[in-house]
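Structure file coords_14.csv; described as CSV, C-alpha atoms.
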chain,number,residue,atom,x,y,z
A,168,MET,CA,-14.8,54.3,-13.9
A,169,ARG,CA,-13.0,51.5,-15.8
A,170,ARG,CA,-9.7,50.7,-14.2
A,171,ARG,CA,-6.6,51.3,-16.2
A,172,SER,CA,-3.5,49.2,-16.2
A,173,LEU,CA,-0.5,50.7,-14.4
A,174,LEU,CA,1.7,49.1,-17.1
A,175,ILE,CA,0.9,51.4,-20.0
A,176,ALA,CA,3.2,54.2,-20.7
A,177,VAL,CA,1.7,56.4,-23.5
A,178,PRO,CA,4.5,58.3,-25.4
A,179,ALA,CA,3.6,61.6,-26.9
A,180,GLY,CA,4.0,61.8,-30.7
A,181,LEU,CA,3.8,64.8,-32.9
A,182,VAL,CA,0.0,64.7,-32.9
A,183,THR,CA,-0.2,65.1,-29.2
A,184,LEU,CA,-0.6,68.3,-27.2
A,185,ALA,CA,3.1,68.1,-26.3
A,186,ALA,CA,5.9,69.6,-28.3
A,187,CYS,CA,7.1,67.9,-31.5
A,188,GLY,CA,9.4,65.0,-31.0
A,189,ASP,CA,8.7,64.6,-27.2
A,190,GLU,CA,8.7,60.9,-26.6
A,191,ASP,CA,8.7,61.0,-22.8
A,192,SER,CA,5.6,63.0,-21.9
A,193,GLY,CA,2.0,62.0,-21.8
A,194,SER,CA,2.1,58.9,-19.5
A,195,SER,CA,-1.4,57.7,-18.8
A,196,SER,CA,-2.6,57.9,-15.3
A,197,ALA,CA,-2.5,54.9,-13.0
A,198,GLY,CA,-5.7,53.3,-12.0
A,199,ASP,CA,-6.4,51.3,-8.9
A,200,SER,CA,-5.2,48.0,-10.4
A,201,ALA,CA,-1.8,46.5,-9.8
A,202,THR,CA,-0.4,44.9,-12.9
A,203,PRO,CA,3.0,43.7,-13.8
A,204,GLU,CA,4.5,47.1,-14.4
A,205,ALA,CA,8.3,47.3,-14.6
A,206,ALA,CA,10.0,47.8,-11.2
A,207,ALA,CA,12.4,50.7,-10.9
A,208,THR,CA,15.5,48.5,-10.6
A,209,SER,CA,18.6,47.7,-12.6
A,210,ALA,CA,18.2,45.0,-15.3
A,211,ALA,CA,18.4,41.5,-14.0
A,212,PRO,CA,20.4,38.8,-15.8
A,213,SER,CA,18.5,36.6,-18.2
A,214,PRO,CA,16.7,33.8,-16.3
A,215,LYS,CA,16.9,30.1,-16.8
A,216,ILE,CA,13.6,28.9,-18.1
A,217,VAL,CA,12.3,25.6,-16.6
A,218,ASP,CA,9.1,23.6,-16.9
A,219,GLY,CA,7.8,23.8,-13.4
A,220,PRO,CA,6.6,23.5,-10.8
A,221,LEU,CA,3.4,25.3,-11.5
A,222,PRO,CA,0.0,25.2,-9.6
A,223,ALA,CA,-3.0,23.6,-11.3
A,224,ILE,CA,-5.6,25.6,-13.2
A,225,THR,CA,-8.7,24.2,-11.6
A,226,ALA,CA,-11.5,26.1,-13.5
A,227,GLY,CA,-11.8,28.4,-16.5
A,228,THR,CA,-9.5,26.1,-18.6
A,229,LYS,CA,-10.5,27.4,-22.0
A,230,PHE,CA,-8.7,30.1,-23.9
A,231,ASP,CA,-9.8,33.6,-22.8
A,232,GLU,CA,-11.9,32.2,-19.9
A,233,LYS,CA,-11.0,33.6,-16.5
A,234,PRO,CA,-9.0,30.9,-14.8
A,235,THR,CA,-9.0,29.7,-11.2
A,236,VAL,CA,-5.5,28.7,-10.1
A,237,ALA,CA,-4.6,26.6,-7.1
A,238,LYS,CA,-2.3,27.7,-4.3
A,239,GLY,CA,1.3,26.9,-5.0
A,240,SER,CA,2.5,23.6,-3.4
A,241,GLY,CA,5.9,23.6,-1.7
A,242,GLU,CA,8.7,25.9,-2.7
A,243,PRO,CA,8.5,27.6,-6.1
A,244,SER,CA,11.3,27.5,-8.6
A,245,LYS,CA,14.1,30.1,-8.2
A,246,ASP,CA,14.1,30.1,-12.1
A,247,LEU,CA,11.4,31.2,-14.4
A,248,ALA,CA,8.9,28.3,-14.8
A,249,VAL,CA,7.0,28.5,-18.0
A,250,LYS,CA,4.3,26.2,-19.5
A,251,THR,CA,2.3,26.6,-22.7
A,252,VAL,CA,-1.1,25.3,-21.5
A,253,ILE,CA,-2.8,25.9,-24.8
A,254,ALA,CA,-0.7,26.1,-28.0
A,255,GLY,CA,-1.9,28.8,-30.4
A,256,SER,CA,-1.3,28.8,-34.1
A,257,GLY,CA,-1.1,32.5,-34.8
A,258,ARG,CA,1.8,35.0,-35.2
A,259,THR,CA,4.9,34.6,-33.1
A,260,VAL,CA,5.4,37.1,-30.3
A,261,ALA,CA,8.9,38.8,-30.3
A,262,GLU,CA,10.5,41.0,-27.7
A,263,ASN,CA,9.5,44.7,-28.2
A,264,ASP,CA,6.2,43.7,-29.7
A,265,PHE,CA,3.0,45.1,-28.3
A,266,VAL,CA,0.8,42.2,-27.1
A,267,SER,CA,-2.9,42.2,-26.5
A,268,ALA,CA,-3.7,39.7,-23.7
A,269,ASN,CA,-6.0,38.8,-20.9
A,270,TYR,CA,-4.3,37.7,-17.8
A,271,LEU,CA,-4.6,36.8,-14.1
A,272,GLY,CA,-1.9,37.2,-11.5
A,273,GLN,CA,-1.7,35.8,-8.0
A,274,VAL,CA,0.8,35.2,-5.2
A,275,TRP,CA,2.3,31.7,-5.1
A,276,ALA,CA,2.2,31.2,-1.4
A,277,SER,CA,-1.3,32.5,-0.7
A,278,ALA,CA,-3.1,32.2,-4.1
A,279,LYS,CA,-4.2,35.8,-3.5
A,280,VAL,CA,-5.2,37.3,-6.9
A,281,PHE,CA,-3.8,40.7,-7.1
A,282,ASP,CA,-5.0,41.6,-10.6
A,283,ASN,CA,-6.8,40.3,-13.6
A,284,SER,CA,-8.1,41.7,-16.9
A,285,TYR,CA,-11.0,39.4,-17.3
A,286,ASP,CA,-13.2,41.2,-14.8
A,287,ARG,CA,-12.4,44.5,-16.6
A,288,GLU,CA,-13.5,42.9,-19.9
A,289,THR,CA,-10.7,44.8,-21.5
A,290,PRO,CA,-7.5,43.0,-22.6
A,291,LEU,CA,-4.2,44.5,-21.6
A,292,VAL,CA,-2.2,46.0,-24.5
A,293,ILE,CA,1.5,46.4,-23.5
A,294,GLN,CA,4.9,46.5,-25.1
A,295,LEU,CA,7.2,43.6,-24.2
A,296,ALA,CA,10.1,45.9,-23.7
A,297,GLN,CA,12.6,46.4,-20.8
A,298,GLY,CA,11.3,49.1,-18.6
A,299,SER,CA,7.7,48.7,-19.7
A,300,ILE,CA,6.8,45.4,-18.1
A,301,ILE,CA,8.4,43.1,-15.5
A,302,ASP,CA,11.1,40.9,-17.0
A,303,GLY,CA,9.2,37.7,-16.3
A,304,TRP,CA,6.6,38.6,-18.9
A,305,ARG,CA,9.2,39.5,-21.5
A,306,TYR,CA,11.0,36.2,-21.2
A,307,ALA,CA,7.9,34.0,-20.7
A,308,LEU,CA,6.0,35.3,-23.7
A,309,ALA,CA,8.7,35.9,-26.3
A,310,GLY,CA,8.5,33.1,-28.9
A,311,LYS,CA,4.9,32.1,-28.1
A,312,LYS,CA,2.1,32.3,-30.7
A,313,THR,CA,-1.1,34.2,-30.6
A,314,GLY,CA,-4.0,32.1,-29.5
A,315,SER,CA,-1.8,30.5,-26.7
A,316,ARG,CA,-2.4,30.3,-23.0
A,317,VAL,CA,0.8,30.6,-21.1
A,318,GLN,CA,1.3,30.0,-17.4
A,319,PHE,CA,4.4,31.0,-15.6
A,320,SER,CA,5.8,31.7,-12.2
A,321,VAL,CA,8.0,34.8,-11.6
A,322,PRO,CA,10.5,35.0,-8.7
A,323,PRO,CA,11.2,38.4,-7.3
A,324,THR,CA,14.4,38.8,-9.4
A,325,TRP,CA,12.3,39.0,-12.6
A,326,GLY,CA,9.3,40.5,-10.9
A,327,TYR,CA,9.1,43.4,-8.5
A,328,GLY,CA,12.4,42.8,-6.8
A,329,GLU,CA,13.1,43.2,-3.1
A,330,GLN,CA,10.8,46.2,-2.8
A,331,GLY,CA,7.7,44.2,-3.9
A,332,ASN,CA,4.6,46.1,-4.8
A,333,GLU,CA,2.8,47.6,-1.8
A,334,GLN,CA,-0.3,48.6,-3.7
A,335,ALA,CA,-0.8,45.0,-4.8
A,336,GLY,CA,0.1,43.4,-1.5
A,337,ILE,CA,3.1,41.8,-3.0
A,338,LYS,CA,6.1,41.3,-0.6
A,339,GLY,CA,9.7,41.4,-1.7
A,340,ASP,CA,10.1,37.6,-1.4
A,341,ASP,CA,6.9,36.7,-3.2
A,342,THR,CA,6.9,34.5,-6.3
A,343,LEU,CA,4.1,35.4,-8.6
A,344,VAL,CA,2.0,33.1,-10.8
A,345,PHE,CA,0.4,34.4,-14.1
A,346,VAL,CA,-1.9,32.9,-16.6
A,347,VAL,CA,-1.9,34.8,-19.8
A,348,ASP,CA,-4.1,34.4,-22.9
A,349,VAL,CA,-2.2,35.9,-25.8
A,350,ARG,CA,-4.8,37.4,-28.2
A,351,ASP,CA,-2.7,39.4,-30.6
A,352,THR,CA,0.7,40.9,-31.3
A,353,PHE,CA,1.7,44.0,-33.1
A,354,ASN,CA,5.0,45.5,-34.3
A,355,ALA,CA,6.4,48.1,-36.7
A,356,LYS,CA,5.2,46.0,-39.7
A,357,SER,CA,1.6,45.8,-38.5
A,358,SER,CA,-1.2,47.2,-40.6
A,359,ALA,CA,-5.0,47.6,-40.3
A,360,GLN,CA,-6.7,44.6,-42.0
A,361,GLY,CA,-10.2,46.0,-42.6
A,362,LYS,CA,-12.4,45.9,-45.7
A,363,LYS,CA,-11.6,48.4,-48.5
A,364,VAL,CA,-14.0,51.3,-48.6
A,365,PRO,CA,-14.5,53.2,-51.9
A,366,GLN,CA,-12.7,56.6,-52.0
A,367,ASP,CA,-15.0,58.3,-54.5
A,368,ASP,CA,-14.8,62.0,-53.4
A,369,ALA,CA,-12.3,63.7,-55.8
A,370,ALA,CA,-12.0,66.6,-53.4
A,371,LEU,CA,-10.4,64.5,-50.7
A,372,PRO,CA,-7.0,62.9,-50.5
A,373,LYS,CA,-6.6,59.3,-51.6
A,374,VAL,CA,-4.9,56.9,-49.2
A,375,GLY,CA,-3.2,53.6,-50.2
A,376,THR,CA,-4.8,50.4,-49.1
A,377,GLY,CA,-1.8,48.1,-48.8
A,378,THR,CA,-1.6,46.0,-45.7
A,379,ASP,CA,2.0,44.9,-45.8
A,380,GLY,CA,3.2,47.2,-43.0
A,381,LYS,CA,4.6,49.7,-45.4
A,382,ALA,CA,3.6,53.4,-45.2
A,383,PRO,CA,0.5,54.0,-47.4
A,384,SER,CA,0.6,56.6,-50.1
A,385,ILE,CA,-1.3,59.9,-49.6
A,386,GLU,CA,-2.3,61.8,-52.7
A,387,VAL,CA,-3.6,65.3,-51.9
A,388,PRO,CA,-5.8,66.8,-54.7
A,389,LYS,CA,-5.0,70.2,-56.2
A,390,ALA,CA,-8.0,71.8,-54.6
A,391,ASP,CA,-8.9,74.0,-51.7
A,392,ALA,CA,-8.7,72.2,-48.3
A,393,PRO,CA,-11.9,71.5,-46.6
A,394,LYS,CA,-12.9,73.9,-43.8
A,395,LYS,CA,-14.4,71.2,-41.6
A,396,LEU,CA,-12.9,68.0,-40.1
A,397,VAL,CA,-12.9,65.0,-42.4
A,398,ALA,CA,-12.7,61.5,-41.0
A,399,GLU,CA,-13.4,58.7,-43.4
A,400,TYR,CA,-12.7,54.9,-43.5
A,401,VAL,CA,-10.1,53.7,-46.0
A,402,LEU,CA,-10.2,50.2,-44.6
A,403,GLU,CA,-13.1,49.5,-42.2
A,404,GLY,CA,-12.3,47.0,-39.5
A,405,ASP,CA,-14.7,45.0,-37.4
A,406,GLY,CA,-13.3,45.7,-33.9
A,407,ALA,CA,-14.7,47.7,-31.0
A,408,GLU,CA,-15.5,51.3,-31.5
A,409,VAL,CA,-13.0,53.8,-30.1
A,410,GLY,CA,-14.4,56.0,-27.3
A,411,ALA,CA,-13.5,59.6,-26.6
A,412,GLU,CA,-11.6,58.7,-23.5
A,413,ASP,CA,-9.8,55.6,-24.9
A,414,SER,CA,-6.1,55.1,-25.6
A,415,VAL,CA,-5.1,53.6,-28.9
A,416,LEU,CA,-2.2,51.8,-30.5
A,417,VAL,CA,-1.6,53.1,-34.0
A,418,GLN,CA,0.5,53.4,-37.1
A,419,TYR,CA,0.2,56.8,-38.8
A,420,LYS,CA,1.6,59.1,-41.5
A,421,GLY,CA,1.0,62.8,-41.7
A,422,VAL,CA,1.4,65.2,-44.6
A,423,THR,CA,0.5,68.8,-45.2
A,424,TRP,CA,-2.4,69.6,-47.5
A,425,ASP,CA,-0.3,72.3,-49.3
A,426,GLY,CA,2.4,70.4,-51.1
A,427,GLY,CA,1.8,67.0,-49.6
A,428,LYS,CA,5.0,67.1,-47.5
A,429,GLU,CA,5.4,64.4,-45.0
A,430,PHE,CA,6.1,65.8,-41.5
A,431,ASP,CA,5.7,62.7,-39.2
A,432,SER,CA,5.3,59.0,-39.5
A,433,THR,CA,5.6,55.9,-37.3
A,434,TYR,CA,6.7,54.0,-40.4
A,435,GLY,CA,9.8,56.2,-40.7
A,436,ARG,CA,10.6,55.7,-37.0
A,437,LYS,CA,9.8,52.0,-37.3
A,438,GLN,CA,8.0,52.2,-34.0
A,439,LEU,CA,4.3,52.0,-33.2
A,440,THR,CA,2.9,54.7,-30.9
A,441,SER,CA,0.1,54.9,-28.4
A,442,PHE,CA,-1.7,57.7,-26.7
A,443,SER,CA,-5.0,58.7,-25.1
A,444,LEU,CA,-7.4,60.6,-27.2
A,445,GLN,CA,-7.5,63.2,-24.4
A,446,GLN,CA,-3.9,64.0,-25.1
A,447,VAL,CA,-4.0,64.7,-28.8
A,448,VAL,CA,-5.1,67.6,-31.0
A,449,LYS,CA,-8.8,68.0,-31.3
A,450,GLY,CA,-8.9,66.8,-34.9
A,451,TRP,CA,-7.4,63.5,-34.0
A,452,ALA,CA,-9.6,63.0,-31.0
A,453,GLN,CA,-12.8,63.8,-32.9
A,454,GLY,CA,-11.7,62.0,-36.0
A,455,LEU,CA,-11.0,58.7,-34.3
A,456,THR,CA,-13.8,58.7,-31.8
A,457,GLY,CA,-16.4,56.1,-33.0
A,458,LYS,CA,-14.1,54.5,-35.5
A,459,LYS,CA,-13.5,50.7,-35.3
A,460,VAL,CA,-10.3,48.9,-34.2
A,461,GLY,CA,-8.7,47.3,-37.3
A,462,SER,CA,-9.5,50.3,-39.5
A,463,ARG,CA,-7.4,52.7,-41.6
A,464,VAL,CA,-8.9,56.2,-41.3
A,465,LEU,CA,-8.2,59.3,-43.4
A,466,ILE,CA,-8.3,62.4,-41.2
A,467,VAL,CA,-8.1,65.9,-42.7
A,468,ILE,CA,-7.7,68.4,-39.9
A,469,PRO,CA,-8.3,72.2,-40.4
A,470,PRO,CA,-6.1,74.6,-38.5
A,471,ASP,CA,-8.6,75.3,-35.8
A,472,LEU,CA,-8.6,71.6,-34.8
A,473,GLY,CA,-4.9,71.1,-35.3
A,474,TYR,CA,-2.0,73.4,-34.5
A,475,GLY,CA,-3.5,76.7,-35.7
A,476,ASP,CA,-0.9,79.5,-35.6
A,477,ASN,CA,1.4,77.6,-33.1
A,478,PRO,CA,2.8,74.5,-34.8
A,479,PRO,CA,5.5,72.5,-33.0
A,480,GLN,CA,8.9,74.0,-33.4
A,481,GLY,CA,11.0,72.2,-35.9
A,482,SER,CA,8.1,70.2,-37.3
A,483,GLY,CA,8.1,71.7,-40.7
A,484,ILE,CA,4.5,72.6,-40.4
A,485,GLU,CA,3.6,76.2,-41.3
A,486,LYS,CA,1.1,78.3,-39.4
A,487,ASP,CA,-2.5,77.7,-40.2
A,488,SER,CA,-1.8,74.5,-42.0
A,489,THR,CA,-4.4,71.9,-42.9
A,490,LEU,CA,-3.0,68.4,-42.0
A,491,VAL,CA,-3.8,65.1,-43.6
A,492,PHE,CA,-3.3,61.8,-41.8
A,493,SER,CA,-3.6,58.1,-42.5
A,494,VAL,CA,-4.2,56.3,-39.2
A,495,ASP,CA,-4.3,52.6,-38.7
A,496,ILE,CA,-6.1,51.7,-35.4
A,497,LEU,CA,-4.4,48.5,-34.3
A,498,ALA,CA,-5.8,48.2,-30.8
A,499,LYS,CA,-7.6,49.9,-27.9
A,500,MET,CA,-5.5,50.1,-24.7
Starting from the file, give its structure as C-alpha cells.
Amino acid sequence: MRRRSLLIAVPAGLVTLAACGDEDSGSSSAGDSATPEAAATSAAPSPKIVDGPLPAITAGTKFDEKPTVAKGSGEPSKDLAVKTVIAGSGRTVAENDFVSANYLGQVWASAKVFDNSYDRETPLVIQLAQGSIIDGWRYALAGKKTGSRVQFSVPPTWGYGEQGNEQAGIKGDDTLVFVVDVRDTFNAKSSAQGKKVPQDDAALPKVGTGTDGKAPSIEVPKADAPKKLVAEYVLEGDGAEVGAEDSVLVQYKGVTWDGGKEFDSTYGRKQLTSFSLQQVVKGWAQGLTGKKVGSRVLIVIPPDLGYGDNPPQGSGIEKDSTLVFSVDILAKM
C-alpha cells in the first residue's frame, strides 16, 4: 500500500459523510512515513532567518531529482537557515497556501534520512498553516516561487520541539535538514486550467468556464433531473487520473436541481477543501474517480447517490434532492 503523509488533515465539507458544516472530522489516516507534521506544542516566536550553514547536496542536484545530502559539519545554526538552491520563476508561495512539493528530510548530526516523497513518487500536498505543518516549513517556503528548490535547517524550536518524533527517530535536540522542490501552490483564488469541453447536452446544466478563481455559474435547465449519475468534463486537465482511494484538493460549488439554489461553496468560504474519496457521498466518489487533475467537472447526483431522505441538518437541501456540483480538481494528495 502506498504510504500516506502524516501531515495531511482532511477536513470534512458538506459533501462528506459527516454532518453539514463539520470542519473537524474526517482526518486521513497516518501511514508509516514520518513527515514534518505539526507538533502539539504552543506556537514558537518567529525565527531569525539566516543563510547557513547548510550541508552540501552531493547528488541529485536537478529540480525534482531525489537529492543526496551530506552530513552536517560542526554545530548547526540556532536560527532557521534557508537557501534557495534553484530559483524558480512561477507563482509566489504565501502562508496558508497549499503547496505541492517533493522533499527529503534528514537529521543534521547523522545524515539519517527519516522521510522523502521521491521514493513514493507522489508529491506532498499540504497547507502552510500553523498547526498543519512544522513552523520551519512555513517560514522557509513563504515567499518562494514555484519551480524553486529550497534547502533549510530546522532547529527543534521550529520543528518537533523537545519531544522530538519517536516514529521518525528524531530526538528532542535534533536539528533537521530539508530539501524541498516546490512544484505548485494553490489558494482560494485557484482554478482548474484545463481545455474547454463543449457542453452540448441541453438536458444538462451548463457550467461557467472562467479560470479567474471566481465561482463559476451553474445554469440548471427547466427539465426533469437525470435518474443516473452524470460526471462530465467542463474543462479537461492533463494531470494524473484520480483513483477511487485518492484524496483530492478542490474548489467546488453545489446547487440543487430544483430551483438552482446554492447550498455550499468553497468560493463563498474563501477556503479550499480536501478529502478522501472514501469519505464523501457516493456520487462524488464515483463522479471524480478516473477524472484528471486540473479539470473542472460537472457532477449531477441523484438522491440515491447523495443524501437521499437524510440531508444534513441546516443545509437547505430538501429530502430526495438531486444535487449539481461544479468541481475543480486542483491536486491529488
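Between atom CA of Thr324 of chain A and atom CA of Ala296 of chain A there is a distance of 16.5 Å.
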Worksheet item: Skipping near chain neighbours, those fewer than 3 positions away, what residues fall within 10 Å of Gln366 of chain A using all atoms listed in the file, listed as number ranges by chain?
Response: A: 363, 369, 371-374, 399-401
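The interatomic distance for the pair atom CA of Lys389 of chain A and atom CA of Leu490 of chain A works out to 14.5 Å.
Taking atom CA of Val422 of chain A as the reference point, atom CA of Ala382 of chain A is found at 12.0 Å.
Minimum distance to Arg305 of chain A across A:Pro214, A:Ala355, A:Ser284, A:Asp391 (counting only C-alpha atoms) occurs at A:Pro214.
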Could you give me, as a Markdown table, every segment 259-313 of chain A residue with an atom at most 12 Å from segment 334-344 of chain A, plus its closest atom pair and distance in Å to one decimal, counting only C-alpha atoms, rows ordered by chain then number?
| residue | atom | partner | partner_atom | distance |
| --- | --- | --- | --- | --- |
| A:Tyr270 | CA | A:Val344 | CA | 10.5 |
| A:Leu271 | CA | A:Val344 | CA | 8.3 |
| A:Gly272 | CA | A:Val344 | CA | 5.7 |
| A:Gln273 | CA | A:Val344 | CA | 5.4 |
| A:Val274 | CA | A:Leu343 | CA | 4.7 |
| A:Trp275 | CA | A:Leu343 | CA | 5.4 |
| A:Ala276 | CA | A:Asp341 | CA | 7.5 |
| A:Ser277 | CA | A:Asp341 | CA | 9.5 |
| A:Ala278 | CA | A:Val344 | CA | 8.5 |
| A:Lys279 | CA | A:Gly336 | CA | 9.0 |
| A:Val280 | CA | A:Ala335 | CA | 9.1 |
| A:Phe281 | CA | A:Ala335 | CA | 5.7 |
| A:Asp282 | CA | A:Ala335 | CA | 7.9 |
| A:Asn283 | CA | A:Ala335 | CA | 11.6 |
| A:Ile301 | CA | A:Leu343 | CA | 11.2 |
| A:Gly303 | CA | A:Leu343 | CA | 9.5 |
| A:Trp304 | CA | A:Val344 | CA | 10.8 |
| A:Ala307 | CA | A:Val344 | CA | 11.6 |
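Minimum distance to Trp424 of chain A across A:Pro470, A:Pro383, A:Pro220, A:Pro234 (counting all atoms listed in the file) occurs at A:Pro470.
Taking only C-alpha atoms into account, Asp413 of chain A lies nearest to A:Lys499 out of the set A:Arg258, A:Lys215, A:Lys499, A:Lys245.
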Worksheet entry | Shell of 12 Å around Leu465 of chain A, all atoms listed in the file, local chain residues under 5 positions omitted, as a ChimeraX atom specification | /A:364,366,371-376,383-387,396-403,419-422,450-451,454-455,458,490-496
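The residue that comes closest to Ile300 of chain A, out of A:Ser320, A:Asn269, A:Asn263, A:Ser462 and on the basis of all atoms listed in the file, is A:Asn263.
The residue set within 10 Å of Gln418 of chain A, counting only C-alpha atoms and dropping same-chain residues fewer than 2 places from it, reads Asn354, Ala355, Lys356, Ser357, Ser358, Ala359, Gly380, Lys381, Ala382, Val415, Leu416, Lys420, Ser432, Thr433, Tyr434, Lys437, Gln438, Leu439, Thr440, Ser441, Arg463, Ser493, Val494, Asp495, Ile496 and Leu497 of chain A.
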Serialized selection, C-alpha atoms, as a compact mmCIF listing (two decimals), keeping the file's coordinate frame:
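Writing the result to out_39.txt gives the following:
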# COMPACT_ATOMS: atom_id res chain seq x y z
CA ASN A 354 5.00 45.50 -34.30
CA ALA A 355 6.40 48.10 -36.70
CA LYS A 356 5.20 46.00 -39.70
CA SER A 357 1.60 45.80 -38.50
CA SER A 358 -1.20 47.20 -40.60
CA ALA A 359 -5.00 47.60 -40.30
CA GLY A 380 3.20 47.20 -43.00
CA LYS A 381 4.60 49.70 -45.40
CA ALA A 382 3.60 53.40 -45.20
CA VAL A 415 -5.10 53.60 -28.90
CA LEU A 416 -2.20 51.80 -30.50
CA LYS A 420 1.60 59.10 -41.50
CA SER A 432 5.30 59.00 -39.50
CA THR A 433 5.60 55.90 -37.30
CA TYR A 434 6.70 54.00 -40.40
CA LYS A 437 9.80 52.00 -37.30
CA GLN A 438 8.00 52.20 -34.00
CA LEU A 439 4.30 52.00 -33.20
CA THR A 440 2.90 54.70 -30.90
CA SER A 441 0.10 54.90 -28.40
CA ARG A 463 -7.40 52.70 -41.60
CA SER A 493 -3.60 58.10 -42.50
CA VAL A 494 -4.20 56.30 -39.20
CA ASP A 495 -4.30 52.60 -38.70
CA ILE A 496 -6.10 51.70 -35.40
CA LEU A 497 -4.40 48.50 -34.30
Worksheet entry | Spatial neighbours of Asp425 of chain A, max dist 8 Å, only C-alpha atoms, sep filter under 2 positions, as a PyMOL selection string | chain A and resi 423+427-428+488-489
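For the set A:Trp325, A:Tyr474, A:Phe230, A:Phe353, the residue with the smallest atom-to-atom gap to Gly298 of chain A is A:Trp325, counting all atoms listed in the file.
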